[in-house]
$ cat entry-v8.csv   # CSV, C-alpha atoms and all ligand atoms
chain,number,residue,atom,x,y,z
A,1,MET,CA,3.4,19.6,-18.3
A,2,VAL,CA,0.0,19.0,-16.7
A,3,PRO,CA,-0.1,16.1,-14.2
A,4,SER,CA,-3.1,14.0,-14.2
A,5,VAL,CA,-5.3,15.3,-11.5
A,6,PRO,CA,-8.7,13.6,-10.9
A,7,THR,CA,-11.7,15.9,-11.1
A,8,PRO,CA,-13.3,16.7,-7.8
A,9,ALA,CA,-16.0,14.1,-8.6
A,10,ALA,CA,-13.4,11.4,-8.9
A,11,LEU,CA,-12.0,12.1,-5.5
A,12,PRO,CA,-13.0,9.7,-2.7
A,13,LYS,CA,-15.5,11.2,-0.4
A,14,ALA,CA,-13.9,14.1,1.5
A,15,LEU,CA,-13.0,13.7,5.1
A,16,ASP,CA,-14.2,16.0,7.8
A,17,ALA,CA,-11.7,18.2,9.5
A,18,PRO,CA,-9.0,16.2,11.3
A,19,THR,CA,-8.6,17.0,14.9
A,20,GLY,CA,-6.1,19.7,15.8
A,21,SER,CA,-4.9,20.8,12.4
A,22,GLY,CA,-2.8,23.3,14.1
A,23,ASP,CA,-3.5,26.5,12.3
A,24,GLY,CA,-4.2,28.6,15.4
A,25,ALA,CA,-0.7,29.7,16.3
A,26,ARG,CA,0.0,31.5,13.2
A,27,ALA,CA,-3.0,33.7,13.1
A,28,VAL,CA,-1.7,36.0,15.8
A,29,THR,CA,1.1,37.5,13.7
A,30,THR,CA,-0.1,37.0,10.2
A,31,VAL,CA,-3.2,37.5,8.1
A,32,GLU,CA,-5.8,34.8,8.8
A,33,ASP,CA,-6.1,31.9,6.4
A,34,SER,CA,-9.7,32.9,5.8
A,35,VAL,CA,-8.6,36.3,4.5
A,36,LEU,CA,-6.0,34.8,2.2
A,37,LEU,CA,-8.6,32.3,1.0
A,38,VAL,CA,-11.0,35.0,0.0
A,39,ARG,CA,-8.2,36.8,-1.9
A,40,ALA,CA,-7.2,33.6,-3.5
A,41,GLN,CA,-10.8,32.9,-4.5
A,42,ALA,CA,-10.8,36.3,-6.1
A,43,GLY,CA,-7.8,35.3,-8.2
A,44,ASP,CA,-4.9,36.6,-6.1
A,45,VAL,CA,-2.1,34.1,-6.9
A,46,SER,CA,0.2,35.4,-4.2
A,47,ALA,CA,-2.5,34.8,-1.6
A,48,PHE,CA,-2.7,31.2,-2.6
A,49,GLU,CA,1.0,30.9,-2.6
A,50,GLN,CA,1.1,32.1,1.0
A,51,LEU,CA,-1.5,29.4,1.9
A,52,VAL,CA,0.7,26.8,0.2
A,53,GLU,CA,3.7,28.0,2.2
A,54,ARG,CA,1.8,27.8,5.4
A,55,HIS,CA,0.5,24.3,5.0
A,56,GLN,CA,3.1,22.6,2.9
A,57,GLN,CA,5.0,21.2,5.9
A,58,LYS,CA,2.0,19.4,7.5
A,59,VAL,CA,0.7,18.0,4.3
A,60,PHE,CA,4.1,16.9,3.1
A,61,ALA,CA,4.8,15.1,6.4
A,62,MET,CA,1.6,13.2,6.1
A,63,ALA,CA,2.1,12.2,2.5
A,64,SER,CA,5.6,11.2,3.2
A,65,ARG,CA,4.5,8.9,6.0
A,66,MET,CA,1.7,7.4,4.0
A,67,LEU,CA,3.8,6.8,0.9
A,68,ARG,CA,7.1,6.1,2.5
A,69,SER,CA,8.8,8.1,-0.2
A,70,ASP,CA,9.7,11.8,-0.2
A,71,ASP,CA,9.6,11.8,-4.0
A,72,ASP,CA,6.1,10.4,-4.2
A,73,ALA,CA,5.1,12.7,-1.4
A,74,ALA,CA,6.4,15.7,-3.3
A,75,GLU,CA,4.3,14.8,-6.3
A,76,VAL,CA,1.2,14.2,-4.3
A,77,VAL,CA,1.5,17.5,-2.5
A,78,GLN,CA,1.8,19.3,-5.9
A,79,GLU,CA,-1.3,17.4,-7.1
A,80,ALA,CA,-3.2,18.2,-3.9
A,81,PHE,CA,-2.5,21.9,-3.9
A,82,LEU,CA,-3.3,22.2,-7.6
A,83,ALA,CA,-6.6,20.3,-7.0
A,84,ALA,CA,-7.3,22.6,-4.1
A,85,TYR,CA,-6.7,25.6,-6.3
A,86,ARG,CA,-9.0,24.3,-8.9
A,87,LYS,CA,-11.7,23.6,-6.3
A,88,LEU,CA,-11.4,27.0,-4.6
A,89,PRO,CA,-14.7,28.2,-6.0
A,90,GLU,CA,-16.4,25.2,-4.4
A,91,PHE,CA,-14.8,25.8,-1.0
A,92,ARG,CA,-17.3,27.2,1.3
A,93,GLY,CA,-15.2,27.7,4.4
A,94,GLU,CA,-17.0,25.2,6.6
A,95,SER,CA,-13.7,23.9,7.7
A,96,ALA,CA,-10.3,25.5,7.8
A,97,PHE,CA,-8.3,25.7,4.6
A,98,GLY,CA,-5.6,23.7,6.3
A,99,SER,CA,-7.8,20.7,7.1
A,100,TRP,CA,-9.4,20.9,3.7
A,101,VAL,CA,-6.1,20.6,1.8
A,102,TYR,CA,-5.0,18.0,4.3
A,103,ARG,CA,-8.0,15.8,3.4
A,104,ILE,CA,-7.4,16.3,-0.3
A,105,THR,CA,-3.7,15.3,0.2
A,106,ALA,CA,-4.8,12.2,2.2
A,107,ASN,CA,-7.2,11.2,-0.6
A,108,PHE,CA,-4.5,11.6,-3.2
A,109,ALA,CA,-2.0,9.6,-1.2
A,110,LEU,CA,-4.4,6.8,-0.7
A,111,MET,CA,-5.3,6.7,-4.4
A,112,ARG,CA,-1.6,6.4,-5.2
A,113,LEU,CA,-1.2,3.6,-2.7
A,114,ARG,CA,-4.0,1.7,-4.3
A,115,HIS,CA,-2.5,2.0,-7.7
A,116,ARG,CA,0.9,1.0,-6.3
A,117,LYS,CA,-0.4,-2.0,-4.5
A,118,VAL,CA,0.9,-5.0,-6.4
A,119,SER,CA,0.0,-7.9,-4.2
A,120,LEU,CA,-2.4,-7.9,-1.4
A,121,THR,CA,-0.8,-8.7,1.9
A,122,VAL,CA,-2.8,-11.1,3.9
A,123,GLU,CA,-0.5,-11.8,6.8
A,124,GLU,CA,-1.1,-10.5,10.2
A,125,PRO,CA,1.4,-8.2,11.9
A,126,ASP,CA,3.5,-9.7,14.7
A,127,GLY,CA,3.5,-8.4,18.2
A,128,ALA,CA,0.5,-9.9,19.8
A,129,PRO,CA,1.0,-10.6,23.5
A,130,ASN,CA,1.3,-14.3,24.7
A,131,PHE,CA,-1.1,-15.9,27.1
A,132,ASN,CA,-1.2,-19.2,28.9
A,133,GLU,CA,-4.2,-21.5,28.7
A,134,ARG,CA,-6.0,-19.6,31.5
A,135,GLY,CA,-5.7,-16.4,29.5
A,136,SER,CA,-3.0,-14.8,31.8
A,137,LEU,CA,-0.3,-12.6,30.2
A,138,ILE,CA,3.0,-14.5,30.3
A,139,ASP,CA,5.3,-12.0,28.6
A,140,ASP,CA,7.8,-10.0,30.6
A,141,VAL,CA,6.3,-6.5,30.5
A,142,ALA,CA,8.4,-3.6,31.2
A,143,ASP,CA,6.9,-0.1,31.5
A,144,TRP,CA,9.0,2.1,29.3
A,145,SER,CA,6.2,4.6,28.7
A,146,ARG,CA,7.6,7.5,30.7
A,147,ASP,CA,11.1,7.1,29.4
A,148,ALA,CA,9.8,7.0,25.8
A,149,GLU,CA,7.4,9.9,26.1
A,150,GLU,CA,9.6,12.3,28.0
A,151,GLN,CA,13.0,12.0,26.4
A,152,THR,CA,14.0,13.2,23.1
A,153,LEU,CA,13.8,10.3,20.8
A,154,ASP,CA,16.8,8.1,20.4
A,155,ALA,CA,18.0,7.8,16.8
A,156,GLU,CA,18.1,4.1,17.1
A,157,LEU,CA,14.5,4.0,18.5
A,158,ARG,CA,13.4,6.2,15.6
A,159,LYS,CA,15.0,3.7,13.2
A,160,ALA,CA,13.3,0.8,14.9
A,161,ILE,CA,9.9,2.5,14.7
A,162,ASP,CA,10.4,3.4,11.1
A,163,GLY,CA,11.4,-0.2,10.3
A,164,ALA,CA,8.4,-1.6,12.2
A,165,THR,CA,6.0,0.7,10.4
A,166,ALA,CA,7.4,-0.4,7.0
A,167,LYS,CA,6.8,-4.1,8.0
A,168,LEU,CA,3.2,-3.6,8.8
A,169,PRO,CA,0.8,-4.9,6.2
A,170,GLU,CA,-0.3,-2.0,4.0
A,171,ASP,CA,-3.9,-1.9,5.2
A,172,HIS,CA,-2.8,-2.0,8.9
A,173,ARG,CA,-0.2,0.7,8.3
A,174,GLN,CA,-2.7,3.1,6.7
A,175,VAL,CA,-5.2,2.7,9.6
A,176,PHE,CA,-2.5,3.1,12.2
A,177,LEU,CA,-1.0,6.2,10.5
A,178,LEU,CA,-4.4,7.8,9.9
A,179,ARG,CA,-5.6,7.3,13.4
A,180,ASP,CA,-2.6,7.4,15.7
A,181,VAL,CA,-0.3,9.7,13.8
A,182,GLU,CA,-2.6,11.9,11.7
A,183,GLY,CA,-5.4,12.0,14.3
A,184,LEU,CA,-8.4,11.3,12.0
A,185,SER,CA,-11.6,10.0,13.4
A,186,TYR,CA,-12.9,6.5,12.7
A,187,GLU,CA,-15.6,7.9,10.5
A,188,GLU,CA,-13.1,9.8,8.5
A,189,ILE,CA,-11.0,6.7,8.1
A,190,ALA,CA,-14.0,4.7,7.0
A,191,GLN,CA,-14.8,7.3,4.4
A,192,VAL,CA,-11.4,7.1,2.8
A,193,THR,CA,-10.7,3.4,3.1
A,194,GLY,CA,-14.2,2.2,2.6
A,195,ASP,CA,-13.8,-0.3,5.4
A,196,SER,CA,-16.1,-1.2,8.2
A,197,LEU,CA,-15.6,0.3,11.7
A,198,ALA,CA,-15.0,-3.2,13.1
A,199,ALA,CA,-12.3,-3.9,10.5
A,200,ILE,CA,-10.6,-0.6,11.1
A,201,LYS,CA,-10.5,-1.1,14.9
A,202,SER,CA,-9.2,-4.6,14.5
A,203,ARG,CA,-6.4,-3.5,12.2
A,204,LEU,CA,-5.6,-0.6,14.4
A,205,HIS,CA,-5.3,-2.8,17.5
A,206,ARG,CA,-3.0,-5.3,15.7
A,207,ALA,CA,-0.9,-2.5,14.3
A,208,ARG,CA,-0.6,-0.9,17.7
A,209,LEU,CA,0.4,-4.3,19.2
A,210,ALA,CA,3.1,-4.6,16.5
A,211,MET,CA,4.4,-1.1,17.0
A,212,ARG,CA,4.3,-1.5,20.8
A,213,ALA,CA,6.3,-4.8,20.5
A,214,ALA,CA,8.9,-3.1,18.3
A,215,ILE,CA,9.4,-0.3,20.9
A,216,ASP,CA,9.4,-2.9,23.6
A,217,GLN,CA,12.1,-4.9,21.9
A,218,PHE,CA,14.2,-1.8,21.5
A,219,TYR,CA,14.1,-1.2,25.3
A,220,ALA,CA,14.7,-4.9,26.1
A,221,GLU,CA,17.7,-5.0,23.9
A,222,ARG,CA,19.1,-1.8,25.3
A,223,ALA,CA,18.6,-3.1,28.9
A,224,GLY,CA,20.5,-6.0,27.5
B,1,MET,CA,-17.3,-11.1,29.7
B,2,SER,CA,-19.5,-13.4,31.7
B,3,GLU,CA,-16.6,-15.4,33.2
B,4,SER,CA,-14.1,-13.6,35.3
B,5,SER,CA,-11.8,-11.3,33.4
B,6,THR,CA,-8.5,-12.7,32.2
B,7,CYS,CA,-5.6,-10.7,30.8
B,8,GLN,CA,-6.5,-12.0,27.4
B,9,SER,CA,-10.1,-10.8,27.6
B,10,CYS,CA,-9.1,-7.5,29.0
B,11,LEU,CA,-6.3,-6.7,26.5
B,12,ALA,CA,-8.6,-7.6,23.6
B,13,LEU,CA,-10.8,-4.6,24.5
B,14,LEU,CA,-8.0,-2.0,24.6
B,15,VAL,CA,-9.0,-0.1,21.5
B,16,ASP,CA,-12.4,0.8,22.9
B,17,TYR,CA,-11.0,1.2,26.4
B,18,VAL,CA,-8.5,3.8,25.5
B,19,ASP,CA,-11.1,5.6,23.4
B,20,GLY,CA,-13.4,5.6,26.4
B,21,GLN,CA,-16.0,3.7,24.4
B,22,LEU,CA,-16.7,0.8,26.7
B,23,PRO,CA,-20.0,0.5,28.7
B,24,ASP,CA,-19.5,1.4,32.3
B,25,ASP,CA,-19.7,-2.1,33.7
B,26,VAL,CA,-17.2,-3.5,31.3
B,27,ARG,CA,-14.8,-0.6,31.9
B,28,ALA,CA,-15.1,-1.1,35.6
B,29,LYS,CA,-14.2,-4.8,35.2
B,30,LEU,CA,-11.2,-3.9,33.1
B,31,GLU,CA,-10.0,-1.4,35.6
B,32,SER,CA,-10.4,-3.7,38.5
B,33,HIS,CA,-8.3,-6.3,36.6
B,34,PHE,CA,-5.6,-3.8,35.7
B,35,HIS,CA,-5.5,-2.6,39.3
B,36,ASP,CA,-4.7,-6.1,40.5
B,37,CYS,CA,-2.5,-7.1,37.5
B,38,GLN,CA,0.9,-5.4,37.2
B,39,PRO,CA,1.8,-6.9,33.8
B,40,CYS,CA,-1.5,-5.7,32.3
B,41,GLU,CA,-1.1,-2.3,33.9
B,42,ASP,CA,2.4,-2.0,32.3
B,43,PHE,CA,1.1,-3.3,29.1
B,44,LEU,CA,-1.7,-0.7,29.1
B,45,ALA,CA,0.8,2.1,29.8
B,46,THR,CA,3.0,1.1,26.9
B,47,TYR,CA,0.0,0.5,24.6
B,48,ARG,CA,-1.1,4.1,25.3
B,49,ALA,CA,2.4,5.5,24.9
B,50,THR,CA,2.9,3.8,21.5
B,51,ALA,CA,1.0,6.4,19.5
B,52,SER,CA,2.8,9.4,20.9
B,53,VAL,CA,6.2,7.8,20.6
B,54,CYS,CA,5.5,6.9,17.0
B,55,ARG,CA,4.3,10.4,16.2
B,56,LYS,CA,7.6,11.7,17.4
B,57,ALA,CA,9.6,9.1,15.5
B,58,LEU,CA,7.7,9.6,12.3
B,59,GLU,CA,8.1,13.4,12.1
B,60,ARG,CA,9.0,14.5,8.6
B,61,THR,CA,10.2,17.8,7.4
B,62,ILE,CA,9.7,19.0,3.8
B,63,PRO,CA,13.2,19.3,2.2
B,64,GLU,CA,14.1,22.8,0.9
B,65,SER,CA,14.4,21.5,-2.6
B,66,VAL,CA,10.9,20.0,-2.5
B,67,ALA,CA,9.4,23.2,-1.2
B,68,ALA,CA,11.2,25.2,-3.9
B,69,LYS,CA,10.0,22.9,-6.6
B,70,LEU,CA,6.5,23.1,-5.2
B,71,HIS,CA,6.5,26.8,-5.3
B,72,ALA,CA,7.8,26.9,-8.8
B,73,PHE,CA,5.1,24.4,-9.8
B,74,ILE,CA,2.3,26.3,-8.3
B,75,ARG,CA,3.5,29.6,-9.8
B,76,ASP,CA,3.8,28.0,-13.2
B,77,GLU,CA,0.4,26.3,-13.1
B,78,LEU,CA,-1.4,29.4,-11.7
B,79,CYS,CA,0.1,31.9,-14.0
B,80,ASN,CA,-0.5,29.7,-17.0
B,81,LYS,CA,-4.0,29.3,-16.0
B,82,SER,CA,-4.8,32.9,-15.4
B,83,LYS,CA,-3.3,33.7,-18.9
B,84,ALA,CA,-5.2,30.9,-20.6
C,1,ZN,ZN,-3.7,-9.1,33.5

$ encode --input "entry-v8.csv" --output "C-alpha cells"
Amino acid sequence: MVPSVPTPAALPKALDAPTGSGDGARAVTTVEDSVLLVRAQAGDVSAFEQLVERHQQKVFAMASRMLRSDDDAAEVVQEAFLAAYRKLPEFRGESAFGSWVYRITANFALMRLRHRKVSLTVEEPDGAPNFNERGSLIDDVADWSRDAEEQTLDAELRKAIDGATAKLPEDHRQVFLLRDVEGLSYEEIAQVTGDSLAAIKSRLHRARLAMRAAIDQFYAERAG
Amino acid sequence: MSESSTCQSCLALLVDYVDGQLPDDVRAKLESHFHDCQPCEDFLATYRATASVCRKALERTIPESVAAKLHAFIRDELCNKSKA
C-alpha cells in the first residue's frame, strides 16, 4: 500500500526554518539529531525511527490545526515523514531536521487543503472594531489580556477559540495559524501560499480581529 | 496620517506596529495616541494577547494510536524499501 507522495520537485517551494522549532532541550540527554541524521542517511532505519519519534508531536499538532482533522493529520504526517526519508540524500543539514520535516508537513497539509477546497469563501471574518464618524473607537473594550495569558486556559474558552478558528475563511485561517500559532515568517508564508505580503498582512489582521473578538465575547459573557 | 490620528487610523496599522515595522514618526504618533486613549490601549493589549492565548487553546497531542500507526507505517515502508 503505497500512498501517493509527490516527488520533491512537485512540492511547493520549501520554507526556511520556522522560528524556535524547539529541538534544543532534548540534545542534552540524547544523541543529537544531526548524528541520527547521518546514521539515517547511511541507511540506519532505527536512527530514522528515532527522528520520527522526536518530531512526531510537533508536526502532528501543526497538521491537525491546519486540517482540523486528526485523521487527515495522521495521513499527512505519514506522507511527510516518508517524503523526508526519500529526500534524505538531498538534505544538506543547513537547517535542523526538525524544521525541515516541519516544512515538508506544512507543504503537504496545504496541498491537501487545496484539494479539499470545494468552494472559495469570499466573505470577510467578523470582529472588526466599530468606530464613529470621527474615527473614534466606540466599542466597550475590556483588557482581559493578563487574565487570559496567565491562567491555565478555561475549557470553555478553548472551545470558543476552536469554534472561532473554524469559522474563519480558509485563507484567513491558514495565514493566522502559520503566523501566530506556528511562528512562520511572512516570507515563508508567501512561499507556501503564493500570496503577496500585503494580502497576507491584511488577512492576518482580519483574522486576529476575529479571534480577538471571540475571546472578548467569552470574557464579556462570563462577566455577564 | 497627515490628519490627526484617530482610533481607526491607528488600529489599522496594528500588524506593522506589533511587528515593529513602522517608521519611527508613525510609531511615535501611534504611541502618543495609545497613551491618551484607554480604549485603544486596552484594544492593543488584547490584540497582542490573542496569538498567545490561541496558541495555548489550539495545542494538540498526537494520540497514542496515531503514533503507533505512524511507527508501523514507517517501519513497513523503510524495511520494504531496503529489501527492494
Ligand atoms: Zn483611540

$ closest_atom_pairs --input "entry-v8.csv" --of "chain B" --to "chain A" --cutoff "8 Å" --atoms "only C-alpha atoms" --output "tab-separated table"
residue	atom	partner	partner_atom	distance
B:Thr6	CA	A:Gly135	CA	5.4
B:Cys7	CA	A:Ser136	CA	5.0
B:Gln8	CA	A:Gly135	CA	4.9
B:Ser9	CA	A:Gly135	CA	7.4
B:Leu14	CA	A:His205	CA	7.6
B:Val15	CA	A:His205	CA	6.1
B:Pro39	CA	A:Val141	CA	5.6
B:Cys40	CA	A:Leu137	CA	7.3
B:Asp42	CA	A:Asp143	CA	4.9
B:Phe43	CA	A:Val141	CA	6.3
B:Ala45	CA	A:Ser145	CA	6.1
B:Thr46	CA	A:Ser145	CA	5.1
B:Tyr47	CA	A:Arg212	CA	6.1
B:Ala49	CA	A:Ser145	CA	5.4
B:Thr50	CA	A:Arg212	CA	5.5
B:Ala51	CA	A:Asp180	CA	5.3
B:Ser52	CA	A:Glu149	CA	7.0
B:Val53	CA	A:Glu149	CA	6.0
B:Cys54	CA	A:Ile161	CA	6.6
B:Arg55	CA	A:Val181	CA	5.2
B:Lys56	CA	A:Leu153	CA	7.2
B:Ala57	CA	A:Arg158	CA	4.8
B:Leu58	CA	A:Asp162	CA	6.9
B:Glu59	CA	A:Ala61	CA	6.8
B:Arg60	CA	A:Ala61	CA	4.8
B:Thr61	CA	A:Ala61	CA	6.1
B:Ile62	CA	A:Gln57	CA	5.6
B:Val66	CA	A:Ala74	CA	6.3
B:Ala67	CA	A:Gln56	CA	7.5
B:Leu70	CA	A:Gln78	CA	6.1
B:His71	CA	A:Glu49	CA	7.4
B:Phe73	CA	A:Gln78	CA	7.2
B:Ile74	CA	A:Leu82	CA	7.0
B:Arg75	CA	A:Glu49	CA	7.7
B:Glu77	CA	A:Leu82	CA	7.8
B:Leu78	CA	A:Val45	CA	6.8
B:Cys79	CA	A:Val45	CA	7.8

$ atom_distance --input "entry-v8.csv" --atom1 "CA of Val31 (chain A)" --atom2 "CA of Asn107 (chain A)"
28.0 Å

$ residues_around --input "entry-v8.csv" --residues "His172 (chain A)" --least-positions-apart "3" --cutoff "6 Å" --atoms "all atoms listed in the file" --output "NGL selection string"
:A and (169 or 175 or 203 or 207)

$ closest_residue --input "entry-v8.csv" --among "B:Cys10, B:Val18, B:Ala72, B:Val26" --to "ligand ZN 1 (chain C)" --atoms "only C-alpha atoms and all ligand atoms"
B:Cys10

$ atom_distance --input "entry-v8.csv" --atom1 "CA of His115 (chain A)" --atom2 "CA of Leu184 (chain A)"
22.6 Å

$ atom_distance --input "entry-v8.csv" --atom1 "CA of Glu170 (chain A)" --atom2 "CA of Tyr17 (chain B)"
25.0 Å

$ residues_around --input "entry-v8.csv" --residues "Leu67 (chain A)" --least-positions-apart "5" --cutoff "8 Å" --atoms "only C-alpha atoms" --output "JSON, numbers by chain"
{"A": [72, 73, 109, 113]}

$ axis_aligned_box --input "entry-v8.csv" --around "region 49-53 of chain B" --padding-each-side "5 Å" --output "lines of an AutoDock Vina configuration file"
center_x = 3.6
center_y = 6.6
center_z = 22.2
size_x = 15.2
size_y = 15.6
size_z = 15.4

$ closest_residue --input "entry-v8.csv" --among "B:Leu11, B:Ala68, B:Leu30, B:Cys37" --to "ligand ZN 1 (chain C)" --atoms "all atoms listed in the file"
B:Cys37

$ residues_around --input "entry-v8.csv" --residues "Ser196 (chain A)" --least-positions-apart "6" --cutoff "10 Å" --atoms "all atoms listed in the file" --output "list in words"
Tyr186, Glu187, Ile189, Ala190 and Ser202 of chain A

$ decode --input "entry-v8.csv" --residues "region 37-46 of chain B" --atoms "all heavy atoms" --output "PDB file, in the first residue's frame"
ATOM      1  N   CYS B  37      -5.414  57.308  24.968  1.00  0.00           N
ATOM      2  CA  CYS B  37      -6.704  56.698  24.632  1.00  0.00           C
ATOM      3  C   CYS B  37      -6.799  55.316  25.277  1.00  0.00           C
ATOM      4  O   CYS B  37      -6.249  54.347  24.761  1.00  0.00           O
ATOM      5  CB  CYS B  37      -6.848  56.610  23.114  1.00  0.00           C
ATOM      6  SG  CYS B  37      -8.413  55.883  22.580  1.00  0.00           S
ATOM      7  N   GLN B  38      -7.502  55.260  26.386  1.00  0.00           N
ATOM      8  CA  GLN B  38      -7.606  53.998  27.131  1.00  0.00           C
ATOM      9  C   GLN B  38      -8.231  52.870  26.306  1.00  0.00           C
ATOM     10  O   GLN B  38      -7.714  51.750  26.317  1.00  0.00           O
ATOM     11  CB  GLN B  38      -8.388  54.206  28.434  1.00  0.00           C
ATOM     12  CG  GLN B  38      -8.314  53.023  29.392  1.00  0.00           C
ATOM     13  CD  GLN B  38      -6.896  52.752  29.878  1.00  0.00           C
ATOM     14  OE1 GLN B  38      -6.159  53.681  30.227  1.00  0.00           O
ATOM     15  NE2 GLN B  38      -6.480  51.492  29.871  1.00  0.00           N
ATOM     16  N   PRO B  39      -9.338  53.132  25.578  1.00  0.00           N
ATOM     17  CA  PRO B  39      -9.906  52.034  24.779  1.00  0.00           C
ATOM     18  C   PRO B  39      -8.889  51.448  23.795  1.00  0.00           C
ATOM     19  O   PRO B  39      -8.789  50.226  23.655  1.00  0.00           O
ATOM     20  CB  PRO B  39     -11.075  52.695  24.035  1.00  0.00           C
ATOM     21  CG  PRO B  39     -11.464  53.854  24.880  1.00  0.00           C
ATOM     22  CD  PRO B  39     -10.190  54.344  25.508  1.00  0.00           C
ATOM     23  N   CYS B  40      -8.119  52.302  23.139  1.00  0.00           N
ATOM     24  CA  CYS B  40      -7.118  51.790  22.199  1.00  0.00           C
ATOM     25  C   CYS B  40      -6.014  51.025  22.917  1.00  0.00           C
ATOM     26  O   CYS B  40      -5.522  50.011  22.423  1.00  0.00           O
ATOM     27  CB  CYS B  40      -6.503  52.922  21.370  1.00  0.00           C
ATOM     28  SG  CYS B  40      -7.504  53.341  19.925  1.00  0.00           S
ATOM     29  N   GLU B  41      -5.639  51.530  24.078  1.00  0.00           N
ATOM     30  CA  GLU B  41      -4.586  50.836  24.812  1.00  0.00           C
ATOM     31  C   GLU B  41      -5.051  49.434  25.208  1.00  0.00           C
ATOM     32  O   GLU B  41      -4.299  48.459  25.094  1.00  0.00           O
ATOM     33  CB  GLU B  41      -4.201  51.639  26.057  1.00  0.00           C
ATOM     34  CG  GLU B  41      -2.900  51.173  26.656  1.00  0.00           C
ATOM     35  CD  GLU B  41      -2.409  52.108  27.742  1.00  0.00           C
ATOM     36  OE1 GLU B  41      -3.004  52.124  28.838  1.00  0.00           O
ATOM     37  OE2 GLU B  41      -1.441  52.839  27.485  1.00  0.00           O
ATOM     38  N   ASP B  42      -6.302  49.343  25.650  1.00  0.00           N
ATOM     39  CA  ASP B  42      -6.852  48.034  26.012  1.00  0.00           C
ATOM     40  C   ASP B  42      -7.005  47.148  24.776  1.00  0.00           C
ATOM     41  O   ASP B  42      -6.774  45.943  24.828  1.00  0.00           O
ATOM     42  CB  ASP B  42      -8.209  48.201  26.709  1.00  0.00           C
ATOM     43  CG  ASP B  42      -8.059  48.834  28.088  1.00  0.00           C
ATOM     44  OD1 ASP B  42      -6.932  48.799  28.637  1.00  0.00           O
ATOM     45  OD2 ASP B  42      -9.056  49.373  28.605  1.00  0.00           O
ATOM     46  N   PHE B  43      -7.406  47.787  23.680  1.00  0.00           N
ATOM     47  CA  PHE B  43      -7.548  47.025  22.437  1.00  0.00           C
ATOM     48  C   PHE B  43      -6.197  46.442  22.030  1.00  0.00           C
ATOM     49  O   PHE B  43      -6.084  45.259  21.689  1.00  0.00           O
ATOM     50  CB  PHE B  43      -8.104  47.914  21.325  1.00  0.00           C
ATOM     51  CG  PHE B  43      -8.597  47.134  20.139  1.00  0.00           C
ATOM     52  CD1 PHE B  43      -9.937  46.786  20.031  1.00  0.00           C
ATOM     53  CD2 PHE B  43      -7.719  46.726  19.143  1.00  0.00           C
ATOM     54  CE1 PHE B  43     -10.393  46.040  18.950  1.00  0.00           C
ATOM     55  CE2 PHE B  43      -8.165  45.972  18.064  1.00  0.00           C
ATOM     56  CZ  PHE B  43      -9.503  45.637  17.962  1.00  0.00           C
ATOM     57  N   LEU B  44      -5.174  47.270  22.106  1.00  0.00           N
ATOM     58  CA  LEU B  44      -3.827  46.828  21.749  1.00  0.00           C
ATOM     59  C   LEU B  44      -3.370  45.660  22.628  1.00  0.00           C
ATOM     60  O   LEU B  44      -2.825  44.675  22.134  1.00  0.00           O
ATOM     61  CB  LEU B  44      -2.848  48.002  21.875  1.00  0.00           C
ATOM     62  CG  LEU B  44      -1.363  47.665  21.704  1.00  0.00           C
ATOM     63  CD1 LEU B  44      -1.077  47.160  20.291  1.00  0.00           C
ATOM     64  CD2 LEU B  44      -0.499  48.893  22.012  1.00  0.00           C
ATOM     65  N   ALA B  45      -3.619  45.777  23.932  1.00  0.00           N
ATOM     66  CA  ALA B  45      -3.186  44.713  24.854  1.00  0.00           C
ATOM     67  C   ALA B  45      -3.857  43.386  24.490  1.00  0.00           C
ATOM     68  O   ALA B  45      -3.216  42.330  24.492  1.00  0.00           O
ATOM     69  CB  ALA B  45      -3.512  45.102  26.289  1.00  0.00           C
ATOM     70  N   THR B  46      -5.138  43.453  24.164  1.00  0.00           N
ATOM     71  CA  THR B  46      -5.849  42.214  23.848  1.00  0.00           C
ATOM     72  C   THR B  46      -5.495  41.696  22.450  1.00  0.00           C
ATOM     73  O   THR B  46      -5.453  40.496  22.213  1.00  0.00           O
ATOM     74  CB  THR B  46      -7.376  42.406  23.980  1.00  0.00           C
ATOM     75  OG1 THR B  46      -7.782  43.546  23.211  1.00  0.00           O
ATOM     76  CG2 THR B  46      -7.769  42.634  25.428  1.00  0.00           C
TER      77      THR B  46
END
